[in-house]
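As structure tokens, the structure follows; a few thoughts come after it.
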Amino acid sequence: MPQWAALPALTRFTLSSPKIGRWFTGYDRTQPRHRRVRPGTFGLLAHTDPMVPALGHDTTPRPTTTYQPNPSHWGDLDWYDRTTGGPIEVTTSTPHDPDFNTHLEQGRVRIQTLGDVLAAHRTRPEHKSLAPDGTPTNGETQGLLQRRPVKSAPVLTDLIGKEGNDLEERSTGIIDDPDDYRTEYGNRGDRWSQLVLPFLDALGAEEVMRRTGRSRSAVYEVLGGRTKGTGVPSAKYREVAIEEAANRLRGTGLPVPRHPYGVLYLARTLLADAVKLCDWCHQPLPKGTRRDARYHAECRRAAQRADGR
């Protein structure tokens with residue numbers, strides 16, 4: 001590595017909002033008015049090493065300092081935590097340095113160097129491709145990479161704005177709230193009725209009651225399409241549907257996608273050949289029965305009597 005690789009990897013930013021200005025409250029308290037940080041000026045961000053714990057800190061500090069274009073003076077900068085505005089100490093020492101443990105015990109925060117950034121590129125996974133054997137890539141993958149197939153459908157599509165998503169600001173920590181960098185417009189399909197409800201239907205009311213711990217009337221309301229549930233109950237119904245879909249995929253030897261709605265979408269095709277059972281007696285319903293039918297005629301009356309209706 002060249003000599004400059006030992007320099008800290010810093011990112012310049014512009015003090016362009018009151019939020020960024022608050023990063024320097026600790027610095028401004030120690031300076032006369034004419035030396036305080038002003039709007040429109042520059043600052044520097046350091047990037048903490050995720051592999052080295054920040055001892056003595058409740059949360060990982062986010063170091064920032066005033067702008068200094070000369071790298072030879074970077075060792076003399078005063079650093080502040082962007083979260084609290086309080087002063088912090090930083091270090092670029094590595095575990096091979098004799099003073100490394102001492103620096104950590106003193107509460108110093110290890111920040112990445114230019115050498116760290118360069119070394120990370122060598123082991124960076126290529127998320128857009130697959131390894132030669134078809135598995136996800138990692139830092140050790142070698143050989144000719146394969147195309148990574150992508151499967152989707154309207155019901156799986158999230159609609160977001162065409163903004164650039166402020167990638168640079170997010171990577172430096174200037175923006176960390178999704179509401180600040182992304183506009184969401186929902187999705188193109190009703191995932192509850194198209195993906196979740198079919199698996200609850202296939203399980204039947206009694207099994208859904210057993211797995212969710214919900215009452216008979218609550219389950220009937222959901223299966224009848226009169227309510228989707230809210231909050232925790234809704235999440236529980238969805239969890240049961242995903243579990244059932246994953247089990248069906250495993251039973252046929254199909255891969256189980258990582259995305260929960262992808263599991264439901266892929267397994268939904270298996271429901272076309274499933275035999276629909278009566279929710280009351282669990283015997284097969286006649287072929288040609290309407291999709292929303294849940295009982296034999298006599299079983300419906302028994303279920304209504306049991307439910308007090």
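Residues are named by chain letter and number: chains run A, B, ... in the order of the structure tokens, numbers start at 1 in each chain, and ligands are numbered from 1 in the order shown.
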Would you pick out the contacts of Tyr27 (chain A) at 12 Å or less, using only C-alpha atoms, so that residues sharing its chain but fewer than 2 positions from it are not included, and give the list as a PDB file with N, CA and C atoms, in the first residue's frame?
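Done, and the output landed in out-v4.pdb:
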```pdb
ATOM      1  N   GLY A  21     -26.333  21.659  10.691  1.00  0.00           N
ATOM      2  CA  GLY A  21     -25.732  22.655  11.577  1.00  0.00           C
ATOM      3  C   GLY A  21     -25.676  22.186  13.017  1.00  0.00           C
ATOM      4  N   ARG A  22     -26.652  21.362  13.443  1.00  0.00           N
ATOM      5  CA  ARG A  22     -26.671  20.875  14.821  1.00  0.00           C
ATOM      6  C   ARG A  22     -25.527  19.910  15.114  1.00  0.00           C
ATOM      7  N   TRP A  23     -24.908  19.359  14.065  1.00  0.00           N
ATOM      8  CA  TRP A  23     -23.765  18.480  14.299  1.00  0.00           C
ATOM      9  C   TRP A  23     -22.627  19.218  14.994  1.00  0.00           C
ATOM     10  N   PHE A  24     -22.583  20.530  14.815  1.00  0.00           N
ATOM     11  CA  PHE A  24     -21.461  21.307  15.319  1.00  0.00           C
ATOM     12  C   PHE A  24     -21.802  22.115  16.570  1.00  0.00           C
ATOM     13  N   THR A  25     -22.859  21.738  17.253  1.00  0.00           N
ATOM     14  CA  THR A  25     -23.207  22.477  18.470  1.00  0.00           C
ATOM     15  C   THR A  25     -22.097  22.368  19.511  1.00  0.00           C
ATOM     16  N   ARG A  29     -19.851  25.716  20.780  1.00  0.00           N
ATOM     17  CA  ARG A  29     -19.827  26.148  22.178  1.00  0.00           C
ATOM     18  C   ARG A  29     -18.421  26.486  22.655  1.00  0.00           C
ATOM     19  N   THR A  30     -17.412  25.956  21.999  1.00  0.00           N
ATOM     20  CA  THR A  30     -16.021  26.183  22.422  1.00  0.00           C
ATOM     21  C   THR A  30     -15.340  27.283  21.628  1.00  0.00           C
ATOM     22  N   GLN A  31     -16.053  27.908  20.670  1.00  0.00           N
ATOM     23  CA  GLN A  31     -15.421  28.876  19.781  1.00  0.00           C
ATOM     24  C   GLN A  31     -16.063  30.257  19.921  1.00  0.00           C
ATOM     25  N   PRO A  32     -15.272  31.293  19.707  1.00  0.00           N
ATOM     26  CA  PRO A  32     -15.870  32.637  19.661  1.00  0.00           C
ATOM     27  C   PRO A  32     -16.791  32.733  18.439  1.00  0.00           C
ATOM     28  N   ARG A  33     -17.650  33.705  18.442  1.00  0.00           N
ATOM     29  CA  ARG A  33     -18.691  33.811  17.421  1.00  0.00           C
ATOM     30  C   ARG A  33     -18.120  33.843  16.004  1.00  0.00           C
ATOM     31  N   ARG A  35     -15.644  32.418  14.775  1.00  0.00           N
ATOM     32  CA  ARG A  35     -15.024  31.176  14.321  1.00  0.00           C
ATOM     33  C   ARG A  35     -16.024  30.009  14.287  1.00  0.00           C
ATOM     34  N   ARG A  36     -17.264  30.285  14.598  1.00  0.00           N
ATOM     35  CA  ARG A  36     -18.257  29.213  14.565  1.00  0.00           C
ATOM     36  C   ARG A  36     -18.597  28.825  13.121  1.00  0.00           C
ATOM     37  N   VAL A  37     -19.082  27.616  12.977  1.00  0.00           N
ATOM     38  CA  VAL A  37     -19.422  27.104  11.651  1.00  0.00           C
ATOM     39  C   VAL A  37     -20.636  27.841  11.111  1.00  0.00           C
ATOM     40  N   ARG A  38     -20.534  28.298   9.867  1.00  0.00           N
ATOM     41  CA  ARG A  38     -21.610  29.085   9.266  1.00  0.00           C
ATOM     42  C   ARG A  38     -22.290  28.291   8.149  1.00  0.00           C
ATOM     43  N   THR A  64     -17.580  13.830  12.872  1.00  0.00           N
ATOM     44  CA  THR A  64     -17.565  14.930  11.915  1.00  0.00           C
ATOM     45  C   THR A  64     -16.619  16.002  12.427  1.00  0.00           C
ATOM     46  N   THR A  65     -16.118  16.830  11.530  1.00  0.00           N
ATOM     47  CA  THR A  65     -15.205  17.893  11.922  1.00  0.00           C
ATOM     48  C   THR A  65     -15.288  19.026  10.909  1.00  0.00           C
ATOM     49  N   THR A  66     -14.625  20.116  11.208  1.00  0.00           N
ATOM     50  CA  THR A  66     -14.600  21.255  10.300  1.00  0.00           C
ATOM     51  C   THR A  66     -13.723  20.933   9.090  1.00  0.00           C
ATOM     52  N   LEU A  77      -7.193  17.601  13.844  1.00  0.00           N
ATOM     53  CA  LEU A  77      -8.578  18.063  13.831  1.00  0.00           C
ATOM     54  C   LEU A  77      -9.303  17.667  15.117  1.00  0.00           C
ATOM     55  N   ASP A  78     -10.270  18.484  15.501  1.00  0.00           N
ATOM     56  CA  ASP A  78     -11.148  18.185  16.634  1.00  0.00           C
ATOM     57  C   ASP A  78     -12.422  17.539  16.095  1.00  0.00           C
ATOM     58  N   TRP A  79     -12.760  16.374  16.649  1.00  0.00           N
ATOM     59  CA  TRP A  79     -13.876  15.610  16.132  1.00  0.00           C
ATOM     60  C   TRP A  79     -15.074  15.671  17.071  1.00  0.00           C
ATOM     61  N   TYR A  80     -16.280  15.614  16.458  1.00  0.00           N
ATOM     62  CA  TYR A  80     -17.523  15.682  17.222  1.00  0.00           C
ATOM     63  C   TYR A  80     -18.484  14.605  16.707  1.00  0.00           C
ATOM     64  N   ASP A  81     -19.326  14.137  17.621  1.00  0.00           N
ATOM     65  CA  ASP A  81     -20.326  13.125  17.269  1.00  0.00           C
ATOM     66  C   ASP A  81     -21.519  13.812  16.622  1.00  0.00           C
ATOM     67  N   ARG A  82     -21.880  13.405  15.403  1.00  0.00           N
ATOM     68  CA  ARG A  82     -22.982  14.049  14.691  1.00  0.00           C
ATOM     69  C   ARG A  82     -24.312  13.817  15.386  1.00  0.00           C
ATOM     70  N   THR A  84     -24.831  13.477  18.872  1.00  0.00           N
ATOM     71  CA  THR A  84     -24.957  14.207  20.132  1.00  0.00           C
ATOM     72  C   THR A  84     -24.369  15.604  20.101  1.00  0.00           C
ATOM     73  N   GLY A  85     -23.488  15.875  19.150  1.00  0.00           N
ATOM     74  CA  GLY A  85     -22.810  17.168  19.120  1.00  0.00           C
ATOM     75  C   GLY A  85     -21.645  17.262  20.081  1.00  0.00           C
ATOM     76  N   GLY A  86     -21.410  16.207  20.869  1.00  0.00           N
ATOM     77  CA  GLY A  86     -20.322  16.215  21.843  1.00  0.00           C
ATOM     78  C   GLY A  86     -18.983  15.834  21.233  1.00  0.00           C
ATOM     79  N   PRO A  87     -17.872  16.226  21.870  1.00  0.00           N
ATOM     80  CA  PRO A  87     -16.535  15.903  21.348  1.00  0.00           C
ATOM     81  C   PRO A  87     -16.215  14.415  21.500  1.00  0.00           C
ATOM     82  N   ILE A  88     -15.477  13.864  20.556  1.00  0.00           N
ATOM     83  CA  ILE A  88     -15.019  12.479  20.610  1.00  0.00           C
ATOM     84  C   ILE A  88     -13.572  12.419  20.116  1.00  0.00           C
TER      85      ILE A  88
END
```
Checklist entry - region 91-107 of chain A: which residues within 9 Å, counting only C-alpha atoms, same-chain residues fewer than 2 positions away excluded, as a ChimeraX atom specification? => result /A:6-8,52-57,88-89,109-113
Residues from the last selection, all heavy atoms, saved as a compact mmCIF listing (two decimals), in the first residue's frame:
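Heads up, here's the output in result_26.txt:
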```
# COMPACT_ATOMS: atom_id res chain seq x y z
N ALA A 6 -2.62 5.20 4.59
CA ALA A 6 -2.82 5.29 6.03
C ALA A 6 -3.65 6.52 6.43
O ALA A 6 -4.04 6.65 7.60
CB ALA A 6 -1.48 5.33 6.74
N LEU A 7 -3.94 7.41 5.48
CA LEU A 7 -4.75 8.60 5.80
C LEU A 7 -6.21 8.19 6.03
O LEU A 7 -6.69 7.22 5.44
CB LEU A 7 -4.69 9.60 4.64
CG LEU A 7 -3.35 10.30 4.41
CD1 LEU A 7 -3.41 11.10 3.10
CD2 LEU A 7 -3.02 11.21 5.58
N PRO A 8 -6.91 8.91 6.89
CA PRO A 8 -8.34 8.59 7.09
C PRO A 8 -9.15 8.84 5.82
O PRO A 8 -8.85 9.77 5.06
CB PRO A 8 -8.76 9.52 8.22
CG PRO A 8 -7.76 10.63 8.20
CD PRO A 8 -6.48 10.03 7.74
N VAL A 52 -14.92 -2.85 14.56
CA VAL A 52 -14.26 -2.49 15.81
C VAL A 52 -15.28 -1.79 16.72
O VAL A 52 -15.83 -0.76 16.35
CB VAL A 52 -13.05 -1.57 15.57
CG1 VAL A 52 -12.39 -1.18 16.89
CG2 VAL A 52 -12.04 -2.25 14.65
N PRO A 53 -15.55 -2.33 17.90
CA PRO A 53 -16.55 -1.72 18.79
C PRO A 53 -16.07 -0.38 19.34
O PRO A 53 -14.87 -0.16 19.53
CB PRO A 53 -16.70 -2.75 19.91
CG PRO A 53 -15.39 -3.49 19.93
CD PRO A 53 -14.94 -3.54 18.49
N ALA A 54 -17.02 0.51 19.57
CA ALA A 54 -16.71 1.81 20.17
C ALA A 54 -16.95 1.69 21.68
O ALA A 54 -18.08 1.81 22.15
CB ALA A 54 -17.59 2.90 19.56
N LEU A 55 -15.89 1.41 22.43
CA LEU A 55 -16.02 1.20 23.86
C LEU A 55 -16.35 2.51 24.57
O LEU A 55 -15.86 3.58 24.21
CB LEU A 55 -14.72 0.63 24.43
CG LEU A 55 -14.25 -0.71 23.81
CD1 LEU A 55 -12.94 -1.16 24.46
CD2 LEU A 55 -15.32 -1.78 23.96
N GLY A 56 -17.22 2.41 25.58
CA GLY A 56 -17.57 3.59 26.36
C GLY A 56 -18.64 4.46 25.74
O GLY A 56 -18.92 5.55 26.24
N HIS A 57 -19.25 3.99 24.64
CA HIS A 57 -20.30 4.76 23.98
C HIS A 57 -21.57 3.93 23.92
O HIS A 57 -21.53 2.73 23.61
CB HIS A 57 -19.88 5.15 22.56
CG HIS A 57 -18.65 6.01 22.50
ND1 HIS A 57 -18.69 7.38 22.65
CD2 HIS A 57 -17.34 5.68 22.34
CE1 HIS A 57 -17.46 7.87 22.56
NE2 HIS A 57 -16.62 6.86 22.36
N ILE A 88 -15.48 13.86 20.56
CA ILE A 88 -15.02 12.48 20.61
C ILE A 88 -13.57 12.42 20.12
O ILE A 88 -13.09 13.36 19.47
CB ILE A 88 -15.89 11.54 19.75
CG1 ILE A 88 -15.94 12.03 18.29
CG2 ILE A 88 -17.28 11.39 20.32
CD1 ILE A 88 -16.66 11.08 17.36
N GLU A 89 -12.90 11.33 20.43
CA GLU A 89 -11.54 11.08 19.96
C GLU A 89 -11.60 9.95 18.92
O GLU A 89 -12.36 8.99 19.08
CB GLU A 89 -10.63 10.67 21.11
CG GLU A 89 -10.46 11.75 22.17
CD GLU A 89 -9.60 12.91 21.68
OE1 GLU A 89 -8.78 12.69 20.76
OE2 GLU A 89 -9.74 14.03 22.22
N VAL A 109 -12.62 6.18 18.85
CA VAL A 109 -13.41 5.49 17.82
C VAL A 109 -12.51 5.26 16.61
O VAL A 109 -11.91 6.20 16.09
CB VAL A 109 -14.63 6.33 17.42
CG1 VAL A 109 -15.45 5.60 16.36
CG2 VAL A 109 -15.48 6.66 18.63
N ARG A 110 -12.43 3.99 16.18
CA ARG A 110 -11.60 3.72 15.01
C ARG A 110 -12.35 4.11 13.74
O ARG A 110 -13.48 3.69 13.51
CB ARG A 110 -11.19 2.26 14.91
CG ARG A 110 -10.09 2.12 13.85
CD ARG A 110 -9.80 0.73 13.40
NE ARG A 110 -8.68 0.82 12.46
CZ ARG A 110 -8.82 0.84 11.14
NH1 ARG A 110 -10.00 0.76 10.59
NH2 ARG A 110 -7.75 0.93 10.35
N ILE A 111 -11.71 4.93 12.91
CA ILE A 111 -12.28 5.34 11.63
C ILE A 111 -11.49 4.67 10.50
O ILE A 111 -10.32 4.33 10.65
CB ILE A 111 -12.28 6.87 11.47
CG1 ILE A 111 -10.87 7.43 11.58
CG2 ILE A 111 -13.21 7.50 12.50
CD1 ILE A 111 -10.78 8.93 11.34
N GLN A 112 -12.16 4.48 9.39
CA GLN A 112 -11.54 3.79 8.27
C GLN A 112 -10.52 4.66 7.57
O GLN A 112 -10.66 5.89 7.51
CB GLN A 112 -12.61 3.35 7.28
CG GLN A 112 -13.61 2.37 7.84
CD GLN A 112 -14.59 1.90 6.78
OE1 GLN A 112 -14.20 1.37 5.74
NE2 GLN A 112 -15.88 2.09 7.04
N THR A 113 -9.51 4.01 7.02
CA THR A 113 -8.49 4.69 6.24
C THR A 113 -8.75 4.47 4.75
O THR A 113 -9.58 3.64 4.36
CB THR A 113 -7.09 4.16 6.59
OG1 THR A 113 -7.02 2.77 6.22
CG2 THR A 113 -6.83 4.30 8.09
```
Item to check | DSSP strand (DSSP E or B) residues within region 8-252 of chain A, listed as number ranges by chain | outcome: A: 8, 10-14, 42-46, 48, 63-66, 79-81, 87-88, 90-91, 109-111, 113, 129-130, 136, 146-147, 158-160, 184-187
Within 9 Å of region 119-133 of chain A, counting only C-alpha atoms, which residues qualify if same-chain residues fewer than 5 places away don't, as a PDB file with C-alpha atoms, in the first residue's frame?
```pdb
ATOM      1  CA  LEU A 114      -8.122   4.978   2.484  1.00  0.00           C
ATOM      2  CA  ASN A 138     -19.533 -13.467  -1.579  1.00  0.00           C
ATOM      3  CA  GLY A 139     -16.134 -11.916  -1.042  1.00  0.00           C
ATOM      4  CA  GLU A 140     -14.368 -15.155  -1.999  1.00  0.00           C
ATOM      5  CA  THR A 141     -16.275 -15.954  -5.213  1.00  0.00           C
ATOM      6  CA  GLN A 142     -14.066 -16.665  -8.235  1.00  0.00           C
ATOM      7  CA  GLY A 143     -14.734 -17.502 -11.866  1.00  0.00           C
ATOM      8  CA  LEU A 144     -17.186 -16.403 -14.538  1.00  0.00           C
ATOM      9  CA  LEU A 145     -20.290 -15.022 -12.857  1.00  0.00           C
ATOM     10  CA  GLN A 146     -23.785 -15.924 -14.031  1.00  0.00           C
ATOM     11  CA  ARG A 147     -26.739 -13.665 -14.644  1.00  0.00           C
ATOM     12  CA  ARG A 148     -28.965 -13.319 -11.615  1.00  0.00           C
ATOM     13  CA  PRO A 149     -32.560 -13.959 -12.690  1.00  0.00           C
TER      14      PRO A 149
END
```
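With only C-alpha atoms as the atoms that count, the minimum distance from Ala202 (chain A) to the choices A:Arg305, A:His73, A:Arg300, A:Arg268 is reached by A:Arg268.
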Next on the checklist: Taking 5 positions as the minimum chain separation for residues in the same chain, which residues sit within 9 Å of Thr14 (chain A) when counting only C-alpha atoms? Answer as a PyMOL selection string.
Outcome noted: chain A and resi 20+39-44
Store the residues of this selection in a file with N, CA, C and O atoms, as a short mmCIF file (atom, residue, chain, number, x, y, z; two decimals), in the first residue's frame.
```
data_model
loop_
_atom_site.label_atom_id
_atom_site.label_comp_id
_atom_site.auth_asym_id
_atom_site.auth_seq_id
_atom_site.Cartn_x
_atom_site.Cartn_y
_atom_site.Cartn_z
N ILE A 20 -27.90 19.64 9.73
CA ILE A 20 -26.46 19.47 9.65
C ILE A 20 -25.77 20.47 10.58
O ILE A 20 -24.74 20.15 11.19
N PRO A 39 -23.56 28.60 7.86
CA PRO A 39 -24.26 27.92 6.76
C PRO A 39 -23.52 28.11 5.45
O PRO A 39 -22.99 29.19 5.16
N GLY A 40 -23.48 27.06 4.64
CA GLY A 40 -22.83 27.13 3.33
C GLY A 40 -21.37 26.73 3.35
O GLY A 40 -20.76 26.57 2.29
N THR A 41 -20.77 26.60 4.54
CA THR A 41 -19.38 26.18 4.61
C THR A 41 -19.26 24.66 4.49
O THR A 41 -20.25 23.94 4.52
N PHE A 42 -18.04 24.17 4.39
CA PHE A 42 -17.79 22.74 4.24
C PHE A 42 -17.46 22.10 5.58
O PHE A 42 -17.08 22.77 6.54
N GLY A 43 -17.60 20.79 5.62
CA GLY A 43 -17.18 20.00 6.76
C GLY A 43 -16.67 18.66 6.27
O GLY A 43 -16.72 18.36 5.07
N LEU A 44 -16.16 17.84 7.18
CA LEU A 44 -15.63 16.52 6.83
C LEU A 44 -16.30 15.45 7.68
O LEU A 44 -16.52 15.65 8.88
#
```
Next on the checklist: According to DSSP computed on the backbone, where in region 38-281 of chain A is there alpha helix (DSSP H)? Give the residues as a VMD selection string.
Outcome noted: chain A and resid 100 to 105 114 to 122 167 to 172 178 to 181 191 197 to 203 205 to 212 216 to 223 231 to 252 260 to 268
Checklist outcome for this item: One residue among A:His296, A:Arg188, A:Lys151, A:Arg211 is nearest to Val263 (chain A) when using only C-alpha atoms, and that residue is A:Lys151
Item to check | Near-Ala218 (chain A) list (10 Å; only C-alpha atoms; drop same-chain fewer than 4 positions) as number ranges by chain | outcome: A: 205, 209, 214, 222-224, 226-227, 229, 233
Given the selection you just returned, output its residues as a file containing N, CA, C and O atoms, formatted as an mmCIF file, in the first residue's frame.
```
data_model
loop_
_atom_site.group_PDB
_atom_site.id
_atom_site.type_symbol
_atom_site.label_atom_id
_atom_site.label_comp_id
_atom_site.auth_asym_id
_atom_site.auth_seq_id
_atom_site.Cartn_x
_atom_site.Cartn_y
_atom_site.Cartn_z
ATOM 1 N N ALA A 205 -60.858 -22.773 8.469
ATOM 2 C CA ALA A 205 -61.072 -21.957 9.659
ATOM 3 C C ALA A 205 -60.485 -22.584 10.918
ATOM 4 O O ALA A 205 -59.839 -21.905 11.726
ATOM 5 N N MET A 209 -57.599 -20.909 13.173
ATOM 6 C CA MET A 209 -57.845 -20.607 14.582
ATOM 7 C C MET A 209 -56.747 -21.189 15.457
ATOM 8 O O MET A 209 -56.236 -20.534 16.376
ATOM 9 N N ARG A 214 -56.751 -16.997 17.367
ATOM 10 C CA ARG A 214 -57.869 -16.066 17.283
ATOM 11 C C ARG A 214 -59.190 -16.802 17.439
ATOM 12 O O ARG A 214 -59.287 -18.017 17.231
ATOM 13 N N VAL A 222 -62.237 -12.687 8.807
ATOM 14 C CA VAL A 222 -61.085 -12.582 7.915
ATOM 15 C C VAL A 222 -61.286 -13.428 6.664
ATOM 16 O O VAL A 222 -61.110 -12.971 5.537
ATOM 17 N N LEU A 223 -61.676 -14.695 6.847
ATOM 18 C CA LEU A 223 -61.850 -15.581 5.704
ATOM 19 C C LEU A 223 -63.002 -15.139 4.803
ATOM 20 O O LEU A 223 -62.987 -15.400 3.601
ATOM 21 N N GLY A 224 -63.968 -14.463 5.390
ATOM 22 C CA GLY A 224 -65.081 -13.963 4.598
ATOM 23 C C GLY A 224 -64.766 -12.680 3.857
ATOM 24 O O GLY A 224 -65.603 -12.161 3.129
ATOM 25 N N ARG A 226 -64.337 -9.777 5.137
ATOM 26 C CA ARG A 226 -64.967 -8.599 5.731
ATOM 27 C C ARG A 226 -63.985 -7.748 6.522
ATOM 28 O O ARG A 226 -64.277 -6.610 6.857
ATOM 29 N N THR A 227 -62.836 -8.306 6.839
ATOM 30 C CA THR A 227 -61.796 -7.550 7.534
ATOM 31 C C THR A 227 -60.454 -8.173 7.216
ATOM 32 O O THR A 227 -60.353 -9.374 6.951
ATOM 33 N N GLY A 229 -57.977 -7.573 9.443
ATOM 34 C CA GLY A 229 -57.251 -7.529 10.703
ATOM 35 C C GLY A 229 -56.366 -6.289 10.710
ATOM 36 O O GLY A 229 -56.057 -5.701 9.680
ATOM 37 N N PRO A 233 -52.705 -8.746 14.952
ATOM 38 C CA PRO A 233 -53.489 -9.829 14.361
ATOM 39 C C PRO A 233 -53.244 -10.000 12.865
ATOM 40 O O PRO A 233 -53.096 -11.110 12.371
#
```
Checklist entry - For Trp280 (chain A), which residue out of A:Ala241, A:Ala302, A:Met51, A:Ala153 is the nearest one, using only C-alpha atoms? => result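 Using only C-alpha atoms, the shortest distance to Trp280 (chain A) belongs to A:Ala302.
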